>>> print(open('coords-v7.cif').read())   # mmCIF, C-alpha atoms
data_run
loop_
_atom_site.label_atom_id
_atom_site.label_comp_id
_atom_site.auth_asym_id
_atom_site.auth_seq_id
_atom_site.Cartn_x
_atom_site.Cartn_y
_atom_site.Cartn_z
CA MET A 201 -17.59 24.43 5.73
CA LYS A 202 -14.62 22.15 5.12
CA ARG A 203 -14.84 19.29 2.69
CA LYS A 204 -14.78 15.94 4.53
CA LEU A 205 -12.90 12.91 3.29
CA LYS A 206 -12.51 9.48 4.87
CA VAL A 207 -9.19 7.96 3.84
CA LEU A 208 -8.33 4.30 4.48
CA PHE A 209 -4.86 2.74 4.40
CA GLN A 210 -4.74 -1.03 3.85
CA GLY A 211 -1.95 -3.56 3.71
CA ASP A 212 0.65 -5.39 5.77
CA SER A 213 3.40 -4.31 8.19
CA ILE A 214 4.64 -1.58 5.84
CA THR A 215 1.26 0.11 6.30
CA ASP A 216 0.66 -1.09 9.87
CA GLY A 217 3.67 0.71 11.31
CA CYS A 218 3.04 -0.73 14.80
CA ARG A 219 -0.28 1.08 15.10
CA ASN A 220 -2.68 0.46 18.00
CA ARG A 221 -5.04 -2.08 16.47
CA ASN A 222 -7.72 -1.31 19.03
CA ASP A 223 -8.02 2.16 17.51
CA PRO A 224 -8.69 2.36 13.76
CA HIS A 225 -7.61 6.00 13.84
CA SER A 226 -4.17 5.04 15.13
CA ILE A 227 -1.83 5.61 12.20
CA GLY A 228 1.42 4.06 13.45
CA TRP A 229 4.90 5.28 12.56
CA GLY A 230 5.20 4.15 8.93
CA TYR A 231 4.50 5.88 5.62
CA ALA A 232 0.87 6.41 6.64
CA LEU A 233 2.02 8.68 9.46
CA TYR A 234 4.03 10.89 7.11
CA ALA A 235 1.26 10.84 4.52
CA THR A 236 -1.33 12.09 6.99
CA ARG A 237 0.99 14.91 8.06
CA TYR A 238 1.78 15.93 4.50
CA LEU A 239 -1.86 15.81 3.41
CA ARG A 240 -3.01 18.00 6.27
CA GLU A 241 -0.30 20.50 5.34
CA ARG A 242 -1.19 20.41 1.64
CA HIS A 243 -4.94 20.53 2.12
CA PRO A 244 -6.00 22.66 5.09
CA GLU A 245 -9.35 23.05 3.35
CA ILE A 246 -10.16 19.36 3.92
CA GLU A 247 -11.33 17.76 7.16
CA PHE A 248 -9.70 14.34 7.02
CA GLU A 249 -10.65 11.16 8.82
CA PHE A 250 -7.75 8.75 8.49
CA LEU A 251 -8.17 5.03 9.15
CA ASN A 252 -5.33 2.51 9.15
CA PHE A 253 -6.14 -1.20 8.90
CA GLY A 254 -2.74 -2.46 7.85
CA ILE A 255 -1.82 -5.63 9.75
CA ALA A 256 1.75 -6.90 9.99
CA GLY A 257 2.25 -10.28 8.35
CA ASN A 258 -0.86 -10.07 6.20
CA THR A 259 -1.09 -11.56 2.74
CA SER A 260 -3.60 -10.97 -0.03
CA ALA A 261 -5.66 -13.87 1.34
CA ASP A 262 -5.86 -12.14 4.73
CA LEU A 263 -7.25 -9.02 3.09
CA VAL A 264 -9.93 -11.11 1.38
CA GLY A 265 -10.93 -12.53 4.76
CA ARG A 266 -11.32 -9.18 6.48
CA TRP A 267 -12.38 -6.88 3.64
CA THR A 268 -15.98 -6.58 4.81
CA THR A 269 -15.14 -5.42 8.33
CA ASP A 270 -11.96 -3.51 7.48
CA CYS A 271 -13.05 -1.74 4.31
CA ILE A 272 -16.62 -2.15 3.11
CA GLU A 273 -18.29 -1.35 6.43
CA HIS A 274 -16.34 1.91 6.73
CA GLN A 275 -17.32 3.19 3.27
CA PRO A 276 -14.16 5.23 2.69
CA ASP A 277 -13.92 7.96 0.09
CA ILE A 278 -10.38 6.89 -0.81
CA VAL A 279 -8.73 3.54 -0.09
CA SER A 280 -5.11 2.65 -0.73
CA VAL A 281 -3.74 -0.88 -0.88
CA MET A 282 -0.16 -2.12 -0.63
CA ILE A 283 -0.07 -5.90 -0.34
CA GLY A 284 1.94 -8.80 -1.72
CA VAL A 285 5.40 -8.96 -0.21
CA ASN A 286 4.26 -11.53 2.36
CA ASP A 287 2.67 -13.65 -0.36
CA THR A 288 6.27 -14.17 -1.40
CA TRP A 289 8.10 -13.93 1.93
CA HIS A 290 5.95 -16.46 3.80
CA HIS A 291 6.77 -19.12 1.22
CA ALA A 292 10.40 -18.24 0.58
CA GLY A 293 11.98 -20.76 2.95
CA ASP A 294 11.31 -23.72 0.67
CA ARG A 295 10.21 -21.74 -2.39
CA SER A 296 6.68 -23.13 -2.05
CA TRP A 297 5.33 -20.05 -3.77
CA ILE A 298 1.57 -19.67 -3.94
CA PRO A 299 0.30 -19.82 -7.52
CA HIS A 300 0.28 -16.47 -9.28
CA GLU A 301 -3.30 -17.20 -10.30
CA GLN A 302 -4.32 -17.38 -6.64
CA PHE A 303 -2.63 -14.09 -5.85
CA GLU A 304 -4.44 -12.47 -8.75
CA ALA A 305 -7.77 -13.94 -7.65
CA ASN A 306 -7.28 -12.61 -4.12
CA TYR A 307 -6.35 -9.15 -5.32
CA ARG A 308 -9.21 -9.06 -7.81
CA ASN A 309 -11.65 -10.08 -5.07
CA ILE A 310 -10.95 -7.08 -2.85
CA LEU A 311 -10.78 -4.61 -5.71
CA GLU A 312 -13.97 -5.88 -7.33
CA ARG A 313 -15.78 -5.65 -4.01
CA THR A 314 -14.48 -2.14 -3.46
CA LYS A 315 -15.79 -1.07 -6.85
CA ASN A 316 -19.16 -2.77 -6.39
CA GLU A 317 -19.85 -2.15 -2.71
CA THR A 318 -18.38 1.31 -2.09
CA SER A 319 -17.93 4.56 -3.96
CA ALA A 320 -14.27 4.73 -2.95
CA ARG A 321 -11.50 5.85 -5.24
CA ILE A 322 -8.60 3.38 -5.28
CA ILE A 323 -4.86 3.99 -4.97
CA ILE A 324 -2.67 0.92 -5.50
CA LEU A 325 0.95 0.83 -4.37
CA GLU A 326 2.89 -2.12 -5.72
CA GLN A 327 4.83 -4.37 -3.35
CA TYR A 328 8.57 -3.86 -3.40
CA LEU A 329 11.91 -5.42 -2.52
CA LEU A 330 14.96 -3.23 -2.18
CA PRO A 331 17.58 -4.21 -4.79
CA SER A 332 20.60 -5.07 -2.67
CA PRO A 333 22.93 -8.08 -2.66
CA GLY A 334 21.31 -9.45 0.47
CA SER A 335 19.67 -12.63 1.64
CA LYS A 336 16.35 -11.91 -0.04
CA ASP A 337 17.57 -11.57 -3.61
CA TYR A 338 16.03 -14.92 -4.56
CA PHE A 339 12.59 -13.53 -3.65
CA ARG A 340 12.70 -11.91 -7.07
CA GLU A 341 11.84 -15.15 -8.84
CA ASP A 342 8.38 -14.95 -7.23
CA ILE A 343 7.85 -11.31 -6.39
CA ASP A 344 8.54 -9.97 -9.88
CA PRO A 345 5.70 -11.90 -11.56
CA LYS A 346 3.40 -10.88 -8.73
CA ILE A 347 4.40 -7.23 -9.15
CA HIS A 348 3.32 -7.54 -12.78
CA ILE A 349 -0.01 -8.93 -11.57
CA THR A 350 -0.37 -5.93 -9.24
CA ARG A 351 0.25 -3.66 -12.22
CA LYS A 352 -2.37 -5.55 -14.19
CA MET A 353 -4.87 -5.09 -11.34
CA ALA A 354 -4.01 -1.40 -11.23
CA ARG A 355 -4.78 -0.98 -14.92
CA GLU A 356 -8.17 -2.56 -14.36
CA TYR A 357 -9.19 -1.04 -11.03
CA ALA A 358 -6.99 1.78 -9.75
CA ASP A 359 -7.70 5.46 -10.05
CA VAL A 360 -3.99 6.05 -9.47
CA PHE A 361 -1.11 3.57 -9.40
CA ILE A 362 2.24 3.97 -7.62
CA PRO A 363 5.04 1.80 -9.09
CA THR A 364 6.82 1.67 -5.74
CA ASP A 365 9.30 -1.05 -6.61
CA GLY A 366 10.56 0.74 -9.68
CA LEU A 367 10.70 4.17 -8.08
CA ILE A 368 12.65 2.88 -5.09
CA ALA A 369 15.06 1.10 -7.44
CA ALA A 370 15.65 4.38 -9.25
CA GLU A 371 16.42 6.17 -5.98
CA LEU A 372 18.88 3.47 -4.99
CA ILE A 373 21.16 4.46 -7.86
CA ASP A 374 22.36 7.26 -5.55
CA ARG A 375 21.60 5.75 -2.13
CA ASP A 376 22.90 2.86 -0.10
CA VAL A 377 20.20 0.34 0.79
CA LEU A 378 20.75 0.95 4.50
CA TYR A 379 19.61 4.52 3.98
CA TRP A 380 16.16 3.05 3.36
CA SER A 381 15.88 -0.23 5.26
CA GLU A 382 17.78 -2.75 7.36
CA ASP A 383 16.07 -5.83 5.94
CA GLU A 384 15.29 -4.87 2.30
CA VAL A 385 11.55 -4.58 3.04
CA HIS A 386 10.58 -2.69 6.19
CA PRO A 387 11.08 1.05 5.76
CA ASN A 388 12.98 3.27 8.14
CA ASP A 389 11.97 6.92 8.47
CA ASN A 390 13.72 7.85 5.21
CA LEU A 391 11.86 5.31 3.12
CA ALA A 392 8.58 5.88 4.96
CA ALA A 393 8.79 9.59 4.14
CA PHE A 394 9.66 8.81 0.51
CA ILE A 395 6.68 6.48 0.08
CA ALA A 396 4.45 9.04 1.79
CA LYS A 397 5.38 11.71 -0.74
CA LEU A 398 4.57 9.32 -3.57
CA TYR A 399 1.26 8.61 -1.86
CA CYS A 400 0.43 12.31 -1.50
CA ASP A 401 1.16 13.00 -5.16
CA ALA A 402 -1.14 10.11 -6.05
CA PHE A 403 -3.77 11.44 -3.66
CA ASP A 404 -3.73 14.80 -5.42
CA LYS A 405 -4.35 13.06 -8.75
CA VAL A 406 -7.33 11.30 -7.18
CA LEU A 407 -8.68 14.62 -5.95
CA GLU A 408 -8.45 16.00 -9.48
CA LYS A 409 -10.49 13.06 -10.76
CA MET A 410 -13.06 13.47 -7.98
CA ASP A 411 -13.49 17.16 -8.79
CA LYS A 412 -14.04 16.71 -12.52
#
>>> encode(input="coords-v7.cif", output="structure tokens")
Amino acid sequence: MKRKLKVLFQGDSITDGCRNRNDPHSIGWGYALYATRYLRERHPEIEFEFLNFGIAGNTSADLVGRWTTDCIEHQPDIVSVMIGVNDTWHHAGDRSWIPHEQFEANYRNILERTKNETSARIIILEQYLLPSPGSKDYFREDIDPKIHITRKMAREYADVFIPTDGLIAAELIDRDVLYWSEDEVHPNDNLAAFIAKLYCDAFDKVLEKMDK
């Protein structure tokens, strides 16, 4: 009999990938799509149930508001979270950044609830901004401190952490930004596949921890 695992993707548009929100099993076209394909190829011995509850435009506060219905009630075995770019982007027009303390409180809320109300293992992917000389460069004054908060949360709560922002920056040494994205945030197929491979490597580390 195959091992069964329920795997939940959570986040904003990067995770959403234009999925059908009426169907929680709809994966969309983003990194979650590639990740599900790669995982099924890597692990034919596992019967996966994949759920995607990423919602375009969401912030950390939105995740707090829907965490009961979109995580806790589903009792996943593994949950991944990528959130935070909209906490910066939505306030970038006039630089009315939300306090870093509020972002941390929101993130801690969902992670603490996951630890206390489920038995799920947690994968955290940090928010990212592609390093190009584009219109969003000034986002860095807010997003960088919030990335460090995400890393702090990962040290406290994650089973595996993916430093997405740093790893993408390393890849961009040899790639033009347009190879990855047209707007410095939303991934095209190349970046979606890259993030998915990072996710799958993290997933395998989680499996190792689960099997110990």
>>> closest_residue(input="coords-v7.cif", among="A:Glu384, A:Asp287, A:Asp389, A:Glu301", to="Ser332 of chain A", atoms="only C-alpha atoms")
A:Glu384
>>> resolve_selection(input="coords-v7.cif", expression="the PyMOL selection byres ((chain A and resi 317) around 10)", output="compact mmCIF listing (two decimals) with C-alpha atoms, in the frame of the given file")
# COMPACT_ATOMS: atom_id res chain seq x y z
CA THR A 268 -15.98 -6.58 4.81
CA CYS A 271 -13.05 -1.74 4.31
CA ILE A 272 -16.62 -2.15 3.11
CA GLU A 273 -18.29 -1.35 6.43
CA GLN A 275 -17.32 3.19 3.27
CA LEU A 311 -10.78 -4.61 -5.71
CA GLU A 312 -13.97 -5.88 -7.33
CA ARG A 313 -15.78 -5.65 -4.01
CA THR A 314 -14.48 -2.14 -3.46
CA LYS A 315 -15.79 -1.07 -6.85
CA ASN A 316 -19.16 -2.77 -6.39
CA THR A 318 -18.38 1.31 -2.09
CA SER A 319 -17.93 4.56 -3.96
CA ALA A 320 -14.27 4.73 -2.95
>>> resolve_selection(input="coords-v7.cif", expression="the PyMOL selection byres ((chain A and resi 230-244) around 9)", output="PyMOL selection string")
chain A and resi 202+209+213-219+227-229+245-248+250+252+387-389+391-400+403
>>> atom_distance(input="coords-v7.cif", atom1="atom CA of Met410 of chain A", atom2="atom CA of Glu249 of chain A")
17.1 Å
>>> atom_distance(input="coords-v7.cif", atom1="atom CA of Ile347 of chain A", atom2="atom CA of Gln210 of chain A")
17.1 Å
>>> closest_residue(input="coords-v7.cif", among="A:Asp374, A:Asp294, A:Asp359, A:Glu341", to="Ile323 of chain A", atoms="all atoms listed in the file")
A:Asp359
>>> closest_residue(input="coords-v7.cif", among="A:Phe361, A:Phe253, A:Trp289, A:Trp267", to="Lys336 of chain A", atoms="only C-alpha atoms")
A:Trp289
>>> atom_distance(input="coords-v7.cif", atom1="atom CA of Asn258 of chain A", atom2="atom CA of Met282 of chain A")
10.5 Å
>>> resolve_selection(input="coords-v7.cif", expression="the PyMOL selection byres ((chain A and resi 300) around 12)", output="list in words")
Ser260, Gly284, Asp287, Thr288, Ser296, Trp297, Ile298, Pro299, Glu301, Gln302, Phe303, Glu304, Ala305, Asn306, Tyr307, Glu341, Asp342, Ile343, Asp344, Pro345, Lys346, Ile347, His348, Ile349 and Thr350 of chain A
>>> closest_residue(input="coords-v7.cif", among="A:Asp383, A:Asp376, A:Glu356, A:Val281", to="Leu329 of chain A", atoms="all atoms listed in the file")
A:Asp383
>>> closest_residue(input="coords-v7.cif", among="A:Arg351, A:Arg308, A:Arg340, A:Arg221", to="Val285 of chain A", atoms="all atoms listed in the file")
A:Arg340
>>> closest_residue(input="coords-v7.cif", among="A:Leu208, A:Ala292, A:Leu372, A:Thr259", to="Asp337 of chain A", atoms="only C-alpha atoms")
A:Ala292
>>> residues_around(input="coords-v7.cif", residues="Arg375 of chain A", least_positions_apart="3", cutoff="12 Å", atoms="all atoms listed in the file", output="mmCIF file with C-alpha atoms, in the coordinates of the input")
data_model
loop_
_atom_site.group_PDB
_atom_site.id
_atom_site.type_symbol
_atom_site.label_atom_id
_atom_site.label_comp_id
_atom_site.auth_asym_id
_atom_site.auth_seq_id
_atom_site.Cartn_x
_atom_site.Cartn_y
_atom_site.Cartn_z
ATOM 1 C CA LEU A 330 14.960 -3.230 -2.180
ATOM 2 C CA PRO A 331 17.580 -4.210 -4.790
ATOM 3 C CA SER A 332 20.600 -5.070 -2.670
ATOM 4 C CA ILE A 368 12.650 2.880 -5.090
ATOM 5 C CA ALA A 369 15.060 1.100 -7.440
ATOM 6 C CA ALA A 370 15.650 4.380 -9.250
ATOM 7 C CA GLU A 371 16.420 6.170 -5.980
ATOM 8 C CA LEU A 372 18.880 3.470 -4.990
ATOM 9 C CA LEU A 378 20.750 0.950 4.500
ATOM 10 C CA TYR A 379 19.610 4.520 3.980
ATOM 11 C CA TRP A 380 16.160 3.050 3.360
ATOM 12 C CA SER A 381 15.880 -0.230 5.260
ATOM 13 C CA ASN A 390 13.720 7.850 5.210
ATOM 14 C CA LEU A 391 11.860 5.310 3.120
#
>>> residues_around(input="coords-v7.cif", residues="Ile278 of chain A", least_positions_apart="2", cutoff="7 Å", atoms="all atoms listed in the file", output="number ranges by chain")
A: 206-208, 276, 280, 320-322
>>> write_last_selection(input="coords-v7.cif", atoms="C-alpha atoms", output="PDB file, in the coordinates of the input")
ATOM      1  CA  LYS A 206     -12.510   9.480   4.870  1.00  0.00           C
ATOM      2  CA  VAL A 207      -9.190   7.960   3.840  1.00  0.00           C
ATOM      3  CA  LEU A 208      -8.330   4.300   4.480  1.00  0.00           C
ATOM      4  CA  PRO A 276     -14.160   5.230   2.690  1.00  0.00           C
ATOM      5  CA  SER A 280      -5.110   2.650  -0.730  1.00  0.00           C
ATOM      6  CA  ALA A 320     -14.270   4.730  -2.950  1.00  0.00           C
ATOM      7  CA  ARG A 321     -11.500   5.850  -5.240  1.00  0.00           C
ATOM      8  CA  ILE A 322      -8.600   3.380  -5.280  1.00  0.00           C
TER       9      ILE A 322
END
>>> decode(input="coords-v7.cif", residues="segment 273-288 of chain A", atoms="all heavy atoms", output="compact mmCIF listing (two decimals), in the first residue's frame")
# COMPACT_ATOMS: atom_id res chain seq x y z
N GLU A 273 -8.25 23.33 9.11
CA GLU A 273 -9.33 22.36 8.86
C GLU A 273 -8.92 21.23 7.93
O GLU A 273 -9.53 20.16 7.96
CB GLU A 273 -10.55 23.09 8.30
CG GLU A 273 -11.25 23.99 9.33
CD GLU A 273 -12.49 24.66 8.78
OE1 GLU A 273 -12.81 24.45 7.58
OE2 GLU A 273 -13.14 25.40 9.54
N HIS A 274 -7.89 21.43 7.15
CA HIS A 274 -7.46 20.39 6.20
C HIS A 274 -6.42 19.45 6.79
O HIS A 274 -6.17 18.38 6.21
CB HIS A 274 -6.91 21.05 4.93
CG HIS A 274 -7.96 21.78 4.15
ND1 HIS A 274 -8.80 21.16 3.25
CD2 HIS A 274 -8.32 23.09 4.17
CE1 HIS A 274 -9.62 22.05 2.74
NE2 HIS A 274 -9.36 23.23 3.28
N GLN A 275 -5.83 19.81 7.91
CA GLN A 275 -4.86 18.96 8.60
C GLN A 275 -3.84 18.34 7.63
O GLN A 275 -3.74 17.12 7.48
CB GLN A 275 -5.59 17.86 9.37
CG GLN A 275 -6.39 18.37 10.57
CD GLN A 275 -5.50 18.95 11.65
OE1 GLN A 275 -4.60 18.27 12.18
NE2 GLN A 275 -5.72 20.23 11.98
N PRO A 276 -3.06 19.19 6.98
CA PRO A 276 -2.06 18.67 6.04
C PRO A 276 -0.92 17.97 6.76
O PRO A 276 -0.67 18.20 7.95
CB PRO A 276 -1.56 19.93 5.34
CG PRO A 276 -1.75 21.02 6.36
CD PRO A 276 -3.02 20.66 7.08
N ASP A 277 -0.23 17.13 6.04
CA ASP A 277 0.99 16.51 6.56
C ASP A 277 2.18 17.44 6.39
O ASP A 277 3.08 17.47 7.24
CB ASP A 277 1.27 15.19 5.84
CG ASP A 277 0.17 14.17 6.04
OD1 ASP A 277 -0.07 13.78 7.20
OD2 ASP A 277 -0.47 13.78 5.05
N ILE A 278 2.17 18.20 5.29
CA ILE A 278 3.23 19.15 5.01
C ILE A 278 2.58 20.43 4.48
O ILE A 278 1.72 20.36 3.60
CB ILE A 278 4.23 18.61 3.97
CG1 ILE A 278 4.92 17.35 4.51
CG2 ILE A 278 5.27 19.68 3.60
CD1 ILE A 278 5.79 16.65 3.48
N VAL A 279 2.98 21.57 5.03
CA VAL A 279 2.46 22.85 4.54
C VAL A 279 3.64 23.74 4.21
O VAL A 279 4.62 23.81 4.97
CB VAL A 279 1.53 23.53 5.56
CG1 VAL A 279 2.21 23.75 6.89
CG2 VAL A 279 0.99 24.84 5.01
N SER A 280 3.58 24.39 3.06
CA SER A 280 4.60 25.36 2.70
C SER A 280 3.97 26.75 2.65
O SER A 280 2.80 26.90 2.29
CB SER A 280 5.24 25.02 1.35
OG SER A 280 4.29 25.07 0.30
N VAL A 281 4.77 27.74 3.01
CA VAL A 281 4.30 29.13 3.03
C VAL A 281 5.31 30.01 2.33
O VAL A 281 6.51 29.99 2.65
CB VAL A 281 4.11 29.65 4.48
CG1 VAL A 281 3.55 31.07 4.46
CG2 VAL A 281 3.21 28.72 5.28
N MET A 282 4.83 30.78 1.35
CA MET A 282 5.61 31.90 0.79
C MET A 282 4.70 33.12 0.81
O MET A 282 3.72 33.19 0.09
CB MET A 282 6.07 31.62 -0.64
CG MET A 282 6.91 32.77 -1.21
SD MET A 282 7.21 32.68 -2.99
CE MET A 282 8.55 31.51 -3.03
N ILE A 283 5.03 34.06 1.67
CA ILE A 283 4.20 35.25 1.83
C ILE A 283 5.11 36.44 2.16
O ILE A 283 6.20 36.25 2.69
CB ILE A 283 3.14 35.06 2.95
CG1 ILE A 283 2.01 36.09 2.82
CG2 ILE A 283 3.78 35.08 4.32
CD1 ILE A 283 1.12 35.90 1.61
N GLY A 284 4.67 37.64 1.83
CA GLY A 284 5.41 38.81 2.27
C GLY A 284 5.65 39.87 1.22
O GLY A 284 5.78 41.05 1.57
N VAL A 285 5.71 39.49 -0.05
CA VAL A 285 6.02 40.52 -1.05
C VAL A 285 4.92 41.57 -1.12
O VAL A 285 5.19 42.76 -1.30
CB VAL A 285 6.31 39.90 -2.44
CG1 VAL A 285 5.06 39.31 -3.06
CG2 VAL A 285 6.93 40.94 -3.37
N ASN A 286 3.67 41.16 -0.92
CA ASN A 286 2.57 42.13 -0.97
C ASN A 286 2.51 43.00 0.27
O ASN A 286 1.96 44.11 0.23
CB ASN A 286 1.23 41.42 -1.18
CG ASN A 286 1.10 40.84 -2.57
OD1 ASN A 286 1.58 41.43 -3.54
ND2 ASN A 286 0.47 39.68 -2.68
N ASP A 287 3.06 42.52 1.39
CA ASP A 287 3.15 43.37 2.57
C ASP A 287 4.00 44.60 2.26
O ASP A 287 3.80 45.66 2.85
CB ASP A 287 3.77 42.58 3.74
CG ASP A 287 2.82 41.55 4.30
OD1 ASP A 287 2.62 40.50 3.65
OD2 ASP A 287 2.23 41.78 5.36
N THR A 288 4.92 44.44 1.35
CA THR A 288 5.72 45.57 0.87
C THR A 288 5.04 46.27 -0.31
O THR A 288 4.84 47.49 -0.31
CB THR A 288 7.12 45.09 0.45
OG1 THR A 288 7.81 44.59 1.60
CG2 THR A 288 7.92 46.22 -0.17
